[in-house]
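**Student:** The structure file structure-v7.txt (compact mmCIF, N, CA and C atoms) is provided below.
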```txt
# COMPACT_ATOMS: atom_id res chain seq x y z
N MET L 115 -14.86 -11.55 69.03
CA MET L 115 -15.60 -10.85 68.01
C MET L 115 -16.52 -9.82 68.68
N LEU L 116 -16.47 -8.60 68.20
CA LEU L 116 -17.34 -7.57 68.74
C LEU L 116 -18.72 -7.63 68.11
N THR L 117 -19.70 -7.47 68.93
CA THR L 117 -21.08 -7.43 68.44
C THR L 117 -21.56 -5.98 68.46
N LEU L 118 -22.74 -5.77 67.91
CA LEU L 118 -23.32 -4.43 67.95
C LEU L 118 -23.43 -3.95 69.39
N THR L 119 -23.87 -4.84 70.27
CA THR L 119 -23.99 -4.46 71.69
C THR L 119 -22.62 -4.13 72.27
N GLY L 120 -21.62 -4.93 71.97
CA GLY L 120 -20.27 -4.66 72.46
C GLY L 120 -19.73 -3.34 71.95
N ASN L 121 -19.95 -3.07 70.67
CA ASN L 121 -19.51 -1.79 70.11
C ASN L 121 -20.26 -0.62 70.74
N ARG L 122 -21.55 -0.81 70.99
CA ARG L 122 -22.35 0.25 71.59
C ARG L 122 -21.82 0.57 72.99
N VAL L 123 -21.49 -0.45 73.76
CA VAL L 123 -20.94 -0.24 75.10
C VAL L 123 -19.61 0.51 75.01
N ARG L 124 -18.74 0.11 74.10
CA ARG L 124 -17.46 0.80 73.93
C ARG L 124 -17.66 2.24 73.51
N MET L 125 -18.62 2.50 72.62
CA MET L 125 -18.90 3.86 72.17
C MET L 125 -19.41 4.70 73.33
N CYS L 126 -20.38 4.20 74.06
CA CYS L 126 -20.94 4.96 75.18
C CYS L 126 -19.87 5.24 76.23
N ASP L 127 -19.02 4.27 76.50
CA ASP L 127 -17.95 4.46 77.46
C ASP L 127 -16.98 5.53 76.98
N GLY L 128 -16.64 5.51 75.70
CA GLY L 128 -15.72 6.50 75.16
C GLY L 128 -16.30 7.90 75.14
N VAL L 129 -17.56 8.02 74.77
CA VAL L 129 -18.20 9.34 74.73
C VAL L 129 -18.39 9.88 76.14
N SER L 130 -18.64 9.01 77.09
CA SER L 130 -18.83 9.48 78.46
C SER L 130 -17.55 10.04 79.06
N ARG L 131 -16.43 9.82 78.42
CA ARG L 131 -15.17 10.39 78.89
C ARG L 131 -15.19 11.91 78.81
N ARG L 132 -16.18 12.46 78.12
CA ARG L 132 -16.30 13.91 78.04
C ARG L 132 -16.38 14.51 79.44
N SER L 133 -17.02 13.79 80.38
CA SER L 133 -17.10 14.32 81.74
C SER L 133 -15.70 14.50 82.32
N PHE L 134 -14.79 13.62 81.97
CA PHE L 134 -13.40 13.78 82.39
C PHE L 134 -12.81 15.06 81.82
N LEU L 135 -13.16 15.35 80.56
CA LEU L 135 -12.68 16.58 79.94
C LEU L 135 -13.22 17.81 80.68
N GLN L 136 -14.49 17.75 81.09
CA GLN L 136 -15.07 18.87 81.82
C GLN L 136 -14.39 19.05 83.17
N ILE L 137 -14.19 17.95 83.86
CA ILE L 137 -13.56 18.03 85.18
C ILE L 137 -12.15 18.60 85.05
N GLY L 138 -11.42 18.20 84.04
CA GLY L 138 -10.06 18.67 83.84
C GLY L 138 -9.97 20.03 83.16
N GLY L 139 -11.12 20.61 82.81
CA GLY L 139 -11.13 21.91 82.15
C GLY L 139 -10.69 21.85 80.69
N LEU L 140 -10.65 20.65 80.12
CA LEU L 140 -10.20 20.50 78.74
C LEU L 140 -11.34 20.61 77.73
N ASP L 141 -12.59 20.72 78.21
CA ASP L 141 -13.72 20.75 77.29
C ASP L 141 -13.73 21.98 76.40
N LYS L 142 -12.95 22.98 76.73
CA LYS L 142 -12.83 24.17 75.86
C LYS L 142 -11.77 23.96 74.78
N ASP L 143 -10.84 23.04 75.03
CA ASP L 143 -9.71 22.84 74.12
C ASP L 143 -9.80 21.58 73.27
N VAL L 144 -10.55 20.59 73.72
CA VAL L 144 -10.59 19.30 73.04
C VAL L 144 -11.95 19.15 72.35
N THR L 145 -11.91 18.88 71.05
CA THR L 145 -13.12 18.63 70.28
C THR L 145 -13.28 17.12 70.09
N VAL L 146 -14.46 16.62 70.42
CA VAL L 146 -14.78 15.21 70.24
C VAL L 146 -15.73 15.08 69.06
N VAL L 147 -15.39 14.22 68.11
CA VAL L 147 -16.23 13.99 66.93
C VAL L 147 -16.53 12.50 66.83
N VAL L 148 -17.81 12.15 66.79
CA VAL L 148 -18.24 10.77 66.55
C VAL L 148 -19.08 10.83 65.29
N TRP L 149 -18.58 10.18 64.22
CA TRP L 149 -19.20 10.37 62.91
C TRP L 149 -18.86 9.18 62.04
N GLY L 150 -19.85 8.60 61.40
CA GLY L 150 -19.61 7.51 60.47
C GLY L 150 -19.52 8.02 59.05
N GLU L 151 -19.14 7.16 58.15
CA GLU L 151 -18.97 7.59 56.77
C GLU L 151 -20.28 7.64 56.00
N PHE L 152 -21.32 6.99 56.50
CA PHE L 152 -22.63 6.97 55.86
C PHE L 152 -23.71 6.90 56.91
N GLY L 153 -24.90 7.30 56.52
CA GLY L 153 -26.06 6.99 57.33
C GLY L 153 -26.49 5.58 56.99
N ARG L 154 -27.57 5.16 57.56
CA ARG L 154 -28.11 3.83 57.27
C ARG L 154 -29.52 3.96 56.73
N THR L 155 -29.89 3.03 55.84
CA THR L 155 -31.21 3.10 55.23
C THR L 155 -32.29 3.09 56.31
N PRO L 156 -33.38 3.80 56.08
CA PRO L 156 -34.45 3.82 57.07
C PRO L 156 -35.25 2.52 57.13
N LYS L 157 -34.99 1.62 56.17
CA LYS L 157 -35.73 0.35 56.15
C LYS L 157 -34.77 -0.82 56.30
N ILE L 158 -35.23 -1.87 56.94
CA ILE L 158 -34.45 -3.10 57.11
C ILE L 158 -34.45 -3.85 55.78
N ASN L 159 -33.26 -4.35 55.37
CA ASN L 159 -33.18 -5.09 54.11
C ASN L 159 -33.53 -6.56 54.32
N GLU L 160 -33.45 -7.33 53.25
CA GLU L 160 -33.83 -8.75 53.32
C GLU L 160 -32.88 -9.59 54.17
N ARG L 161 -31.72 -9.08 54.50
CA ARG L 161 -30.76 -9.79 55.36
C ARG L 161 -30.84 -9.29 56.81
N ALA L 162 -31.92 -8.60 57.14
CA ALA L 162 -32.18 -8.06 58.48
C ALA L 162 -31.15 -7.02 58.90
N GLY L 163 -30.59 -6.33 57.91
CA GLY L 163 -29.63 -5.26 58.19
C GLY L 163 -30.07 -3.97 57.51
N ARG L 164 -29.21 -3.00 57.58
CA ARG L 164 -29.50 -1.73 56.91
C ARG L 164 -28.29 -1.34 56.07
N ASP L 165 -28.56 -0.90 54.86
CA ASP L 165 -27.51 -0.57 53.92
C ASP L 165 -27.06 0.88 54.09
N HIS L 166 -26.00 1.24 53.36
CA HIS L 166 -25.53 2.63 53.37
C HIS L 166 -26.61 3.56 52.83
N TRP L 167 -26.66 4.76 53.39
CA TRP L 167 -27.66 5.75 53.00
C TRP L 167 -26.98 7.11 53.02
N PRO L 168 -26.47 7.56 51.87
CA PRO L 168 -25.69 8.79 51.85
C PRO L 168 -26.50 10.07 52.03
N GLY L 169 -27.82 10.01 51.90
CA GLY L 169 -28.63 11.21 51.98
C GLY L 169 -28.79 11.79 53.37
N VAL L 170 -28.75 10.94 54.39
CA VAL L 170 -28.93 11.39 55.77
C VAL L 170 -28.01 10.58 56.66
N HIS L 171 -27.30 11.28 57.53
CA HIS L 171 -26.51 10.60 58.55
C HIS L 171 -26.38 11.51 59.75
N ALA L 172 -25.80 11.01 60.81
CA ALA L 172 -25.72 11.77 62.06
C ALA L 172 -24.27 11.90 62.49
N ALA L 173 -24.00 12.95 63.24
CA ALA L 173 -22.68 13.17 63.83
C ALA L 173 -22.88 13.72 65.23
N LEU L 174 -21.96 13.42 66.11
CA LEU L 174 -21.97 13.96 67.45
C LEU L 174 -20.70 14.79 67.61
N LEU L 175 -20.86 16.05 67.98
CA LEU L 175 -19.71 16.92 68.24
C LEU L 175 -19.83 17.43 69.67
N ALA L 176 -18.73 17.44 70.37
CA ALA L 176 -18.74 17.90 71.76
C ALA L 176 -17.42 18.61 72.08
N GLY L 177 -17.43 19.37 73.15
CA GLY L 177 -16.22 20.05 73.60
C GLY L 177 -15.84 21.17 72.66
N GLY L 178 -14.56 21.49 72.62
CA GLY L 178 -14.05 22.51 71.71
C GLY L 178 -14.61 23.90 71.95
N GLY L 179 -15.18 24.12 73.13
CA GLY L 179 -15.79 25.41 73.42
C GLY L 179 -17.08 25.65 72.67
N MET L 180 -17.63 24.60 72.05
CA MET L 180 -18.86 24.76 71.27
C MET L 180 -20.09 24.81 72.17
N ARG L 181 -21.17 25.37 71.64
CA ARG L 181 -22.46 25.36 72.33
C ARG L 181 -23.11 24.01 72.01
N THR L 182 -22.91 23.06 72.86
CA THR L 182 -23.39 21.69 72.60
C THR L 182 -24.70 21.44 73.35
N GLY L 183 -25.17 20.21 73.34
CA GLY L 183 -26.41 19.86 74.00
C GLY L 183 -27.63 20.20 73.18
N GLN L 184 -27.50 20.15 71.86
CA GLN L 184 -28.62 20.48 70.99
C GLN L 184 -28.63 19.57 69.78
N VAL L 185 -29.77 19.47 69.16
CA VAL L 185 -29.92 18.74 67.91
C VAL L 185 -30.08 19.78 66.81
N ILE L 186 -29.30 19.64 65.76
CA ILE L 186 -29.36 20.58 64.65
C ILE L 186 -29.85 19.83 63.44
N GLY L 187 -30.98 20.23 62.91
CA GLY L 187 -31.56 19.58 61.75
C GLY L 187 -32.48 18.44 62.13
N SER L 188 -33.24 18.00 61.15
CA SER L 188 -34.16 16.88 61.34
C SER L 188 -34.40 16.22 59.98
N THR L 189 -35.05 15.06 60.03
CA THR L 189 -35.40 14.34 58.81
C THR L 189 -36.91 14.28 58.68
N ASN L 190 -37.36 13.78 57.54
CA ASN L 190 -38.79 13.51 57.42
C ASN L 190 -39.13 12.35 58.34
N ARG L 191 -40.39 12.02 58.47
CA ARG L 191 -40.81 11.03 59.47
C ARG L 191 -40.25 9.63 59.23
N LEU L 192 -39.80 9.35 58.01
CA LEU L 192 -39.22 8.04 57.71
C LEU L 192 -37.69 8.05 57.71
N ALA L 193 -37.09 9.19 58.07
CA ALA L 193 -35.63 9.34 58.09
C ALA L 193 -35.01 9.13 56.72
N GLU L 194 -35.74 9.51 55.68
CA GLU L 194 -35.27 9.31 54.32
C GLU L 194 -34.46 10.49 53.79
N GLU L 195 -34.81 11.70 54.24
CA GLU L 195 -34.14 12.89 53.73
C GLU L 195 -34.23 14.01 54.76
N ALA L 196 -33.32 14.96 54.62
CA ALA L 196 -33.32 16.11 55.53
C ALA L 196 -34.59 16.91 55.33
N ALA L 197 -35.21 17.32 56.45
CA ALA L 197 -36.43 18.10 56.39
C ALA L 197 -36.20 19.53 56.89
N ASP L 198 -35.31 19.67 57.86
CA ASP L 198 -35.10 20.98 58.48
C ASP L 198 -33.62 21.16 58.77
N ARG L 199 -33.05 22.25 58.34
CA ARG L 199 -31.66 22.63 58.59
C ARG L 199 -30.67 21.53 58.24
N PRO L 200 -30.62 21.14 56.96
CA PRO L 200 -29.59 20.16 56.59
C PRO L 200 -28.20 20.74 56.83
N VAL L 201 -27.32 19.93 57.34
CA VAL L 201 -25.93 20.33 57.60
C VAL L 201 -25.05 19.59 56.60
N HIS L 202 -24.29 20.33 55.82
CA HIS L 202 -23.39 19.72 54.84
C HIS L 202 -22.14 19.22 55.56
N MET L 203 -21.58 18.13 55.06
CA MET L 203 -20.37 17.57 55.67
C MET L 203 -19.25 18.60 55.75
N GLN L 204 -19.16 19.47 54.77
CA GLN L 204 -18.09 20.47 54.79
C GLN L 204 -18.28 21.49 55.91
N GLU L 205 -19.52 21.69 56.35
CA GLU L 205 -19.75 22.55 57.52
C GLU L 205 -19.15 21.91 58.77
N VAL L 206 -19.27 20.59 58.87
CA VAL L 206 -18.68 19.89 60.01
C VAL L 206 -17.17 20.04 59.97
N PHE L 207 -16.56 19.80 58.80
CA PHE L 207 -15.11 19.96 58.68
C PHE L 207 -14.68 21.39 58.98
N ALA L 208 -15.40 22.37 58.45
CA ALA L 208 -15.04 23.78 58.69
C ALA L 208 -15.12 24.10 60.18
N THR L 209 -16.09 23.53 60.88
CA THR L 209 -16.23 23.76 62.31
C THR L 209 -15.07 23.13 63.08
N VAL L 210 -14.71 21.91 62.72
CA VAL L 210 -13.58 21.25 63.39
C VAL L 210 -12.28 22.01 63.10
N TYR L 211 -12.06 22.42 61.86
CA TYR L 211 -10.87 23.22 61.54
C TYR L 211 -10.84 24.51 62.35
N ARG L 212 -11.99 25.17 62.48
CA ARG L 212 -12.05 26.39 63.28
C ARG L 212 -11.61 26.12 64.71
N ASN L 213 -12.08 24.99 65.27
CA ASN L 213 -11.70 24.64 66.64
C ASN L 213 -10.20 24.37 66.76
N LEU L 214 -9.59 23.98 65.66
CA LEU L 214 -8.14 23.76 65.64
C LEU L 214 -7.37 25.07 65.38
N GLY L 215 -8.10 26.15 65.16
CA GLY L 215 -7.46 27.43 64.90
C GLY L 215 -7.10 27.64 63.44
N ILE L 216 -7.71 26.87 62.55
CA ILE L 216 -7.41 26.97 61.13
C ILE L 216 -8.55 27.70 60.42
N ASN L 217 -8.23 28.77 59.73
CA ASN L 217 -9.22 29.55 58.98
C ASN L 217 -9.36 28.94 57.59
N VAL L 218 -10.48 28.28 57.32
CA VAL L 218 -10.65 27.59 56.04
C VAL L 218 -10.87 28.56 54.88
N ALA L 219 -11.17 29.81 55.17
CA ALA L 219 -11.36 30.79 54.11
C ALA L 219 -10.03 31.29 53.55
N SER L 220 -8.95 31.09 54.29
CA SER L 220 -7.66 31.59 53.82
C SER L 220 -6.56 30.52 53.77
N THR L 221 -6.76 29.40 54.41
CA THR L 221 -5.72 28.36 54.44
C THR L 221 -5.82 27.48 53.21
N THR L 222 -4.69 27.29 52.54
CA THR L 222 -4.64 26.40 51.38
C THR L 222 -3.48 25.43 51.53
N ILE L 223 -3.56 24.36 50.78
CA ILE L 223 -2.45 23.41 50.67
C ILE L 223 -2.21 23.18 49.18
N PRO L 224 -0.97 22.95 48.78
CA PRO L 224 -0.72 22.76 47.35
C PRO L 224 -1.17 21.38 46.88
N ASP L 225 -1.75 21.34 45.68
CA ASP L 225 -2.09 20.05 45.09
C ASP L 225 -0.82 19.47 44.45
N ASN L 226 -0.96 18.37 43.73
CA ASN L 226 0.21 17.70 43.13
C ASN L 226 0.92 18.56 42.08
N ASN L 227 0.24 19.58 41.58
CA ASN L 227 0.87 20.48 40.61
C ASN L 227 1.32 21.79 41.24
N GLY L 228 1.24 21.85 42.57
CA GLY L 228 1.68 23.04 43.28
C GLY L 228 0.66 24.16 43.35
N ARG L 229 -0.54 23.91 42.83
CA ARG L 229 -1.58 24.94 42.88
C ARG L 229 -2.25 24.93 44.26
N PRO L 230 -2.53 26.09 44.80
CA PRO L 230 -3.17 26.14 46.13
C PRO L 230 -4.62 25.66 46.07
N GLN L 231 -4.99 24.83 47.03
CA GLN L 231 -6.35 24.32 47.14
C GLN L 231 -6.85 24.58 48.56
N TYR L 232 -8.08 25.07 48.69
CA TYR L 232 -8.67 25.25 50.00
C TYR L 232 -8.93 23.88 50.64
N LEU L 233 -8.96 23.85 51.96
CA LEU L 233 -9.22 22.61 52.68
C LEU L 233 -10.62 22.08 52.43
N VAL L 234 -11.59 23.00 52.33
CA VAL L 234 -12.98 22.66 52.00
C VAL L 234 -13.50 23.72 51.03
N GLU L 235 -14.45 23.34 50.21
CA GLU L 235 -15.02 24.29 49.26
C GLU L 235 -16.00 25.24 49.93
N ARG L 236 -16.74 24.73 50.89
CA ARG L 236 -17.68 25.56 51.65
C ARG L 236 -16.98 26.03 52.93
N HIS L 237 -17.02 27.30 53.19
CA HIS L 237 -16.27 27.86 54.32
C HIS L 237 -17.13 28.13 55.53
N ASP L 238 -18.43 27.87 55.46
CA ASP L 238 -19.32 28.16 56.58
C ASP L 238 -19.19 27.11 57.66
N VAL L 239 -19.06 27.59 58.91
CA VAL L 239 -19.07 26.70 60.07
C VAL L 239 -20.52 26.46 60.48
N ILE L 240 -20.75 25.54 61.39
CA ILE L 240 -22.08 25.31 61.92
C ILE L 240 -22.35 26.42 62.94
N GLY L 241 -23.08 27.43 62.50
CA GLY L 241 -23.30 28.62 63.30
C GLY L 241 -23.94 28.36 64.65
N GLU L 242 -24.77 27.34 64.73
CA GLU L 242 -25.44 27.02 66.00
C GLU L 242 -24.45 26.56 67.07
N LEU L 243 -23.27 26.11 66.65
CA LEU L 243 -22.29 25.58 67.60
C LEU L 243 -21.23 26.60 68.02
N VAL L 244 -20.97 27.58 67.17
CA VAL L 244 -19.86 28.51 67.47
C VAL L 244 -20.37 29.88 67.90
```
Turn this file's structure into structure tokens for me.
**Tutor:**
Amino acid sequence: MLTLTGNRVRMCDGVSRRSFLQIGGLDKDVTVVVWGEFGRTPKINERAGRDHWPGVHAALLAGGGMRTGQVIGSTNRLAEEAADRPVHMQEVFATVYRNLGINVASTTIPDNNGRPQYLVERHDVIGELV
């Protein structure tokens, strides 16, 4: 059974593989994304855990020729809500698609009725990274 500590060690080991990408010159071609589906509540619940918190969450993006090594955005002092430069999830997707060479402003896929649908509704990438 994996524990939080065990998962943390596996995560750190996996993220540290980025140095291998740099050594091999792949850091311009390979995008690494570490991202959960939700943030966690800023307060501990009665079961000594933290519940889902959709208002604020974190993501780590590396490689892909991006300008990395920075923190984009911040929360209020209790980590309850975005305070500075909120990043929408669709900006993250648009940035990853850009790194894959996909233009989200012009690329569509057909829905079940054959109508073209954009990959994301918001087409802005994270400007601080590209």
**Student:** Using only C-alpha atoms, which protein or nucleic acid residues come within 6 Å of Trp167 in chain L? Drop anything in the same chain fewer than 4 positions from it, and give the result as a ChimeraX atom specification.
**Tutor:** /L:152-155
**Student:** Please, which residues of chain L, numbered as in this document, come out alpha helix (DSSP H) from DSSP, as a list in words?
**Tutor:**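 Selecting the alpha helix (DSSP H) positions of chain L gives Leu118, Thr119, Gly120, Asn121, Arg122, Val123, Arg124, Met125, Cys126, Asp127, Gly128, Val129, Arg132, Ser133, Phe134, Leu135, Gln136, Ile137, Met203, Gln204, Glu205, Val206, Phe207, Ala208, Thr209, Val210, Tyr211, Arg212 and Asn213 of chain L.
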**Student:** Would you compute the distance between atom N of Arg212 in chain L and atom N of Gly177 in chain L? Give it in Å to one decimal.
**Tutor:** 13.3 Å
**Student:** Give the centre and edge lengths of an axis-aligned box, in Å to one decimal, that holds all listed atoms of range 174-185 of chain L with 6 Å on each side, as lines of an AutoDock Vina configuration file.
**Tutor:**
```
center_x = -22.1
center_y = 19.5
center_z = 70.1
size_x = 28.0
size_y = 24.2
size_z = 19.9
```
**Student:** Show me, as a tab-separated table, the residues of range 135-169 of chain L having an atom within 8 Å of range 180-200 of chain L, each with the closest atom pair and its distance in Å, using only C-alpha atoms.
**Tutor:**
```
residue	atom	partner	partner_atom	distance
L:Lys142	CA	L:Met180	CA	7.6
L:Thr155	CA	L:Glu194	CA	7.5
L:Pro156	CA	L:Ala193	CA	5.7
L:Gly169	CA	L:Glu195	CA	6.0
```
**Student:** Which parts of chain L does DSSP call strand (DSSP E or B) when run on the backbone here, written out as a count of residues only?
**Tutor:** 25
**Student:** How many Å lie between atom C of Gly215 in chain L and atom N of His171 in chain L, rounded to one decimal?
**Tutor:**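 Here the two named atoms are 26.7 Å from each other.
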**Student:** Neighbouring residues of Thr145 in chain L were defined as those with any atom within 8 Å, considering all atoms listed in the file; residues of the same chain fewer than 6 positions away were excluded. Please report them as a PyMOL selection string.
**Tutor:** chain L and resi 175-180+210+213-214
**Student:** What separation in Å, quoted to one decimal, exists between CA of Val239 in chain L and atom C of His166 in chain L?
**Tutor:** 25.4 Å
**Student:** Please provide as a list in words all residues within 7 Å of range 149-151 of chain L, with the sequence filter that same-chain residues fewer than 4 positions apart are discarded (counting only N, CA and C atoms).
**Tutor:**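 Surrounding residues, per the criterion: Pro168, Ala172, Ala173 and Leu174 of chain L.
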**Student:** Identify which of the residues L:Val147, L:Gly138, L:Val170, L:Asn227 lies closest to Tyr211 in chain L, counting only C-alpha atoms when measuring atom-to-atom distances.
**Tutor:**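 Between L:Val147, L:Gly138, L:Val170, L:Asn227, the residue approaching Tyr211 in chain L most closely is L:Val147.
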